[in-house]
Amino acid sequence: MTSPHSTIPHVAATVETEAGVSPSTTDASCRGPLLFLFVAATVWLLVGSVFALIGSIKFHGPDFLAETPWLTYGRVRPTHIHTWLYGFGVQAGMATMIWLFTRLGRVTLQQPFLALLGGLVWNLGVLLGAGGILSGDLAGYENVQMPGYAAGIMFAGYLLIGFCAALTLHQRQASRLYVAEWFLIVALFWFPWIFSSVQLLIHLFPTRGLAVNVVAWWFAENLQVLWFWSIGFAVLLYFIPKLTGNPLHSRYTALFTFWMLLLFAGWGGIPYTAPLPSWMPVLSNIGVVLTGITVLTMFLNIHGTLTGNWKLLGSDVTLKWLRIAIGAIAFASTARIVVTLIPTTRPLELTWFEYGRLQLNNYGFYFLTLFAAMYFIVPRLLGKHVSPGLIRAHWWLTVSGMALAFLPLMAGGMAQGMRLQNSDLAFLEISRGTLHYLRLSTVGDTLLVAGHLILLLNLVTAAASFYRARAAAAVSATRADLIRNPVEARA
Amino acid sequence: MNYAALIFLAAFFALSTSWYTFVLRPNVQVGQLQQTNMLGSSTLYPLSRPGLARQGLEVYRANGCMYCHSQQVIQEGSIFEVMVANGGTNQPAAAAELARLINQSEAEATRLLATLPQMILSGAKRNTAEAAVKALTATGAQAFLWISPTGADIARGWGRRRTVAEDYLFDNPVMLGSLRAGPDLANVGVRLPDINWHLVHLYAPKAKVEGSPMPPYPYLFVKRRVERSPSPNALDLPAPYAPAPGYEVVPTHDAVALAAYLVSLRADAPLFSTPMSVASAAAAEISTNVPAPVATDATNTTAANAPAQ
């Protein structure tokens with residue numbers, strides 16, 4: 001078999017100047033496990049967005065699918081969040097992490113079967129979790145609704161994948177850790193800690209009253225900000241210098257970003273209005289404001305790397321996705337900090353605003369960095385281009401879908417929050433006032449479903465055509481062998 | 001330069017501060033909360049919910065009600081006033097002090113003292129109000145600090161005070177909710193104490209609230225043919241929602257439990273940690289013949305009112 005990478009032009013790498021295993025060898029070593037993780041993650045993304053759509057349609061007519069217990073709004077919505085966070089977010093994030101470890105460490109994937117086995121176990125856990133939620137076995141804490149048995153299996157799956165990633169990191173040939181690897185190392189080891197903390201408290205050792213809620217908020221924040229941002233930032237720090245050909249503007253700024261993220265990003269998440277001793281929400285708000293420094297320094301570092309020429313980000317498929325992701329995190333973080341700082345806007349906390357903002361953070365920033373990474377990685381795993389037309393279609397559907405699905409929720413939430421402050425307005429009127437925004441977001445949800453279908457189609461066709469070609473090559477090699485040595489082969 | 005181990009240790013330390021602050025500390029502080037006394041009485045608060053309501057909490061959890069309903073009352077501030085309940089035996093001294101406090105003539109103050117109880121110094125700062133109470137008490141008059149919680153939630157009738165950690169002591173899980181697509185339910189048992197109202201509302205929300213965007217929960221009910229005589233627990237449904245003649249709609253155990261849980265939701269006991277508590281204590285002391293307002297999380301009546309299965 002000829003090198004699959006001959007068809008793909010390699011862009012000058014700024015961080016791969018030393019000798020070591022060649023990128024094509026490392027890519028080939030992670031082909032099977034990573035393809036599995038990426039495709040499975042995309043399936044969950046699609047499933048989750050279908051549930052999001054069902055939930056959204058229920059606001060058009062509350063009687064829609066009301067007869068079926070497992071399709072009631074209160075189960076459809078957590079299923080959507082569960083499949084997105086764990087099915088796609090963590091799974092595709094781990095795959096990207098593993099790939100970056102092999103690339104940056106110039107080492108082949110160690111014990112690939114562990115990643116594959118871990119992927120199977122993780123997906124089984126996510127499946128049981130989704131089934132548990134749909135059958136009414138919710139844990140009762142937002143963002144961690146999976147029942148205990150599913151959580152245990154997911155944890156085992158993570159450990160297997162994580163062990164494979166840690167081994168690969170340990171065997172690295174490169175003598176110096178690139179700063180992106182710092183973020184990835186933290187993500188690798190922090191997830192089991194936060195996940196086991198929250199699951200043990202929910203399912204095995206619950207304490208009284210609100211204490212478990214505090215831990216669930218803390219977990220959600222650590223997953224959706226610290227963990228997601230760590231992976232997202234690593235993707236930005238790797239791909240932007242690599243694909244633009246400009247060296248990273250400042251390693252020290254990146255390290256500053258790293259420590260700020262580590263120290264303060266895990267503090268947020270406790271709503272200001274929560275009925276708790278006031279030091280908790282106050283400290284949490286301080287953490288939220290300090291994450292602004294993280295985003296700002298990251299932004300400045302990218303600005304420097306691009307030498308102020310943001311048009312460079314339009315030059316490549318991967319970079320086009322990253323451009324939207326950077327915009328999304330800048331907007332979502334600024335909106336959050338403004339809401340935290342201005343006292344009169346605190347009533348936005350129990351409205352659609354928070355939900356829209358969180359989606360913009362998770363999907364708009366983190367998922368988009370993963371799309372960017374996938375569109376770079378998968379062609380290199382296969383040595384085949386994925387369809388650029390389909391990528392473009394996916395890009396447009398995502399951008400328009402996000403604008404229609406998330407921004408109306410934020411706008412509707414602001415209207416809702418302002419009107420809730422006026423106690424002369426009947427609650428029912430306020431609630432019905434948000435319906436226009438929700439209907440608009442249904443359109444966005446539909447576009448996102450279409451985008452995910454296209455992404456899945458693109459990945460699956462590329463993978464199928466690769467494996468078909470390999471099977472055909474194997475058949476013709478055997479046939480050639482038979483023709484050359486007919487007697488020997490028959491014996 | 002290969003600092004993997006060093007980075008790992010430093011990161012471990014940095015992250016463990018967050019774990020210590022938001023996992024360990026809350027579990028010590030909030031997780032070890034004990035029952036407390038309601039202000040002005042020796043009643044313990046909260047009491048554990050009755051069994052049926054606890055089963056209802058499980059139904060509430062299983063159907064994700066928390067995704068549309070919050071269970072927390074938000075308070076923006078408090079209004080401080082002084083309630084003068086009794087002039088005492090030294091009326092002239094009380095009148096003189098009162099006149100000084102409200103910046104009026106003594107004659108006006110004496111007139112006020114004749115029409116007790118009276119509220120004075122409405123909207124004062126807490127310190128001013130407390131000083132006034134002290135001054136009036138010194139003259140032998142009976143005066144109390146009167147605190148009224150304010151805020152849109154309270155004006156809307158969703159609660160008398162903000163909710164505090166004590167309110168949720170015996171619930172597991174506590175479902176505070178993060179979105180108000182529907183109204184807040186922290187005190188729904190106070191607003192809507194009728195279990196049958198809730199049953200009909202769960203079966204057909206629009207039968208009780210015109211134009212409600214809440215989805216119906218028909219799977220919590222059984223529609224069946226009427227046997228010899230109608231079931232005593234059949235729902236009394238208005239015209240468009242009533243089943244065909246000869247049929248009846250009967251709540252399942254889950255529906256009854258859920259309604260019992262909703263009726264048991266009341267977080268309005270006066271507590272030390274909520275400023276409104278002082279107001280209630282004052283009220284209780286003024287009219288000593290009236291027992292302190294009974295507001296526990298446990299309403300035993302819910303179980304008794306529930307239609308038989």
# chains A, B, ... in the order shown; residues from 1 in each chain; ligands from 1
>>> interface_residues(of="chain A", to="chain B", cutoff="6 Å", atoms="only C-alpha atoms", output="mmCIF file with C-alpha atoms, in the first residue's frame")
data_model
loop_
_atom_site.group_PDB
_atom_site.id
_atom_site.type_symbol
_atom_site.label_atom_id
_atom_site.label_comp_id
_atom_site.auth_asym_id
_atom_site.auth_seq_id
_atom_site.Cartn_x
_atom_site.Cartn_y
_atom_site.Cartn_z
ATOM 1 C CA PRO A 62 -47.770 21.343 24.031
ATOM 2 C CA ASP A 63 -49.861 18.333 23.004
ATOM 3 C CA GLU A 67 -49.129 10.690 25.223
ATOM 4 C CA GLY A 74 -38.729 16.824 30.815
ATOM 5 C CA ARG A 75 -36.983 13.717 29.442
ATOM 6 C CA GLY A 136 -37.535 8.209 33.785
ATOM 7 C CA ASP A 137 -34.390 7.218 35.653
ATOM 8 C CA LEU A 138 -33.039 10.772 35.875
ATOM 9 C CA GLY A 140 -32.257 14.910 39.224
ATOM 10 C CA ARG A 176 9.779 19.710 24.704
ATOM 11 C CA THR A 207 -25.264 14.588 51.820
ATOM 12 C CA ARG A 208 -28.172 16.682 52.976
ATOM 13 C CA GLY A 209 -30.075 19.196 50.976
ATOM 14 C CA ALA A 211 -24.734 20.352 49.092
ATOM 15 C CA VAL A 215 -21.191 19.957 43.574
ATOM 16 C CA LEU A 263 -7.031 28.581 38.929
ATOM 17 C CA PRO A 275 -30.459 29.784 48.226
ATOM 18 C CA LEU A 276 -27.012 29.207 49.693
ATOM 19 C CA LEU A 350 -33.776 31.824 35.547
ATOM 20 C CA THR A 351 -34.597 32.656 31.942
ATOM 21 C CA GLN A 421 -39.195 42.106 37.085
ATOM 22 C CA SER A 423 -44.947 42.025 38.924
#
>>> residues_around(residues="segment 219-232 of chain A", least_positions_apart="4", cutoff="7 Å", atoms="only C-alpha atoms", output="PyMOL selection string")
chain A and resi 93+143+183-184+187+194+198+215+236+261+265-266+268-269+362+366+369
>>> write_last_selection(atoms="all heavy atoms", output="CSV table (one decimal), in the first residue's frame")
chain,number,residue,atom,x,y,z
A,93,GLY,N,-13.7,15.0,22.0
A,93,GLY,CA,-12.6,15.8,22.7
A,93,GLY,C,-11.5,14.8,23.0
A,93,GLY,O,-10.3,15.1,22.8
A,143,ASN,N,-27.4,18.5,33.8
A,143,ASN,CA,-26.1,18.2,33.2
A,143,ASN,C,-25.4,16.9,33.6
A,143,ASN,O,-24.5,16.5,33.1
A,143,ASN,CB,-25.1,19.4,33.3
A,143,ASN,CG,-25.6,20.7,32.8
A,143,ASN,OD1,-26.1,20.7,31.6
A,143,ASN,ND2,-25.6,21.7,33.5
A,183,PHE,N,-2.5,22.0,28.3
A,183,PHE,CA,-4.0,22.1,28.4
A,183,PHE,C,-4.6,20.6,28.3
A,183,PHE,O,-5.4,20.3,29.1
A,183,PHE,CB,-4.6,22.9,27.3
A,183,PHE,CG,-4.4,24.4,27.5
A,183,PHE,CD1,-3.4,25.1,26.9
A,183,PHE,CD2,-5.3,25.1,28.2
A,183,PHE,CE1,-3.2,26.4,27.0
A,183,PHE,CE2,-5.2,26.5,28.4
A,183,PHE,CZ,-4.1,27.1,27.8
A,184,LEU,N,-4.0,19.8,27.4
A,184,LEU,CA,-4.5,18.5,27.2
A,184,LEU,C,-4.2,17.6,28.5
A,184,LEU,O,-5.1,16.8,28.9
A,184,LEU,CB,-3.9,17.9,26.0
A,184,LEU,CG,-4.3,18.6,24.7
A,184,LEU,CD1,-3.6,17.9,23.5
A,184,LEU,CD2,-5.8,18.5,24.4
A,187,ALA,N,-6.8,18.4,31.1
A,187,ALA,CA,-8.1,17.9,30.7
A,187,ALA,C,-8.1,16.4,31.0
A,187,ALA,O,-9.0,15.8,31.6
A,187,ALA,CB,-8.4,18.1,29.3
A,194,ILE,N,-13.4,15.2,38.6
A,194,ILE,CA,-14.7,15.9,38.8
A,194,ILE,C,-15.8,14.9,38.6
A,194,ILE,O,-16.8,15.0,39.3
A,194,ILE,CB,-14.8,17.1,37.8
A,194,ILE,CG1,-14.7,16.7,36.4
A,194,ILE,CG2,-13.8,18.2,38.2
A,194,ILE,CD1,-14.9,17.8,35.4
A,198,VAL,N,-18.6,14.0,41.6
A,198,VAL,CA,-20.1,14.3,41.5
A,198,VAL,C,-20.9,13.0,41.5
A,198,VAL,O,-21.9,13.0,42.2
A,198,VAL,CB,-20.4,15.2,40.3
A,198,VAL,CG1,-20.3,14.5,39.0
A,198,VAL,CG2,-21.7,15.9,40.4
A,215,VAL,N,-22.2,20.8,44.2
A,215,VAL,CA,-21.2,20.0,43.6
A,215,VAL,C,-21.6,19.7,42.1
A,215,VAL,O,-20.7,19.7,41.2
A,215,VAL,CB,-21.0,18.6,44.3
A,215,VAL,CG1,-19.9,17.8,43.6
A,215,VAL,CG2,-20.5,18.9,45.8
A,236,LEU,N,-7.0,25.4,19.2
A,236,LEU,CA,-6.6,26.8,18.6
A,236,LEU,C,-5.1,26.9,18.6
A,236,LEU,O,-4.5,27.4,17.6
A,236,LEU,CB,-7.2,27.9,19.5
A,236,LEU,CG,-8.7,28.0,19.5
A,236,LEU,CD1,-9.1,29.2,20.4
A,236,LEU,CD2,-9.3,28.3,18.1
A,261,LEU,N,-6.8,29.8,33.6
A,261,LEU,CA,-7.9,28.9,33.4
A,261,LEU,C,-7.9,27.8,34.5
A,261,LEU,O,-9.0,27.6,35.1
A,261,LEU,CB,-7.7,28.2,32.0
A,261,LEU,CG,-8.8,27.2,31.6
A,261,LEU,CD1,-9.9,27.9,31.1
A,261,LEU,CD2,-8.3,26.2,30.6
A,265,ALA,N,-11.2,29.0,36.4
A,265,ALA,CA,-12.4,28.6,35.6
A,265,ALA,C,-13.3,27.6,36.3
A,265,ALA,O,-14.4,27.5,35.9
A,265,ALA,CB,-11.9,28.0,34.2
A,266,GLY,N,-12.8,26.9,37.2
A,266,GLY,CA,-13.6,25.9,37.9
A,266,GLY,C,-14.4,26.5,39.1
A,266,GLY,O,-15.1,25.8,39.8
A,268,GLY,N,-16.8,29.1,38.8
A,268,GLY,CA,-18.1,29.6,38.4
A,268,GLY,C,-19.2,28.6,38.5
A,268,GLY,O,-19.0,27.5,39.1
A,269,GLY,N,-20.4,29.0,38.0
A,269,GLY,CA,-21.4,28.0,37.9
A,269,GLY,C,-22.5,28.0,38.9
A,269,GLY,O,-23.5,27.5,38.8
A,362,ASN,N,-20.9,25.9,24.6
A,362,ASN,CA,-20.6,24.5,24.4
A,362,ASN,C,-20.5,24.2,22.9
A,362,ASN,O,-19.6,23.6,22.4
A,362,ASN,CB,-21.7,23.6,25.0
A,362,ASN,CG,-21.7,23.7,26.5
A,362,ASN,OD1,-20.8,24.3,27.1
A,362,ASN,ND2,-22.7,23.1,27.1
A,366,TYR,N,-16.9,25.2,21.6
A,366,TYR,CA,-16.2,23.9,21.8
A,366,TYR,C,-16.5,23.0,20.6
A,366,TYR,O,-15.5,22.4,20.0
A,366,TYR,CB,-16.5,23.3,23.1
A,366,TYR,CG,-15.9,22.0,23.3
A,366,TYR,CD1,-14.6,21.8,23.3
A,366,TYR,CD2,-16.8,20.9,23.6
A,366,TYR,CE1,-14.0,20.5,23.5
A,366,TYR,CE2,-16.2,19.6,23.8
A,366,TYR,CZ,-14.8,19.4,23.7
A,366,TYR,OH,-14.3,18.2,23.9
A,369,THR,N,-14.7,23.9,17.5
A,369,THR,CA,-13.2,23.6,17.4
A,369,THR,C,-13.1,22.1,17.1
A,369,THR,O,-12.1,21.7,16.4
A,369,THR,CB,-12.5,23.9,18.8
A,369,THR,OG1,-13.1,23.2,19.8
A,369,THR,CG2,-12.6,25.4,19.1
>>> select_by_dssp(residues="segment 38-237 of chain B", states="alpha helix (DSSP H)", output="VMD selection string")
chain B and resid 51 to 62 91 to 102 106 to 114 126 to 138 152 to 155 188 to 191 195 to 203 205 to 208
>>> select_by_dssp(residues="segment 31-255 of chain B", states="strand (DSSP E)", output="ChimeraX atom specification")
/B:36-37,44-45,77-86,118-124,142-150,221-225,247-251
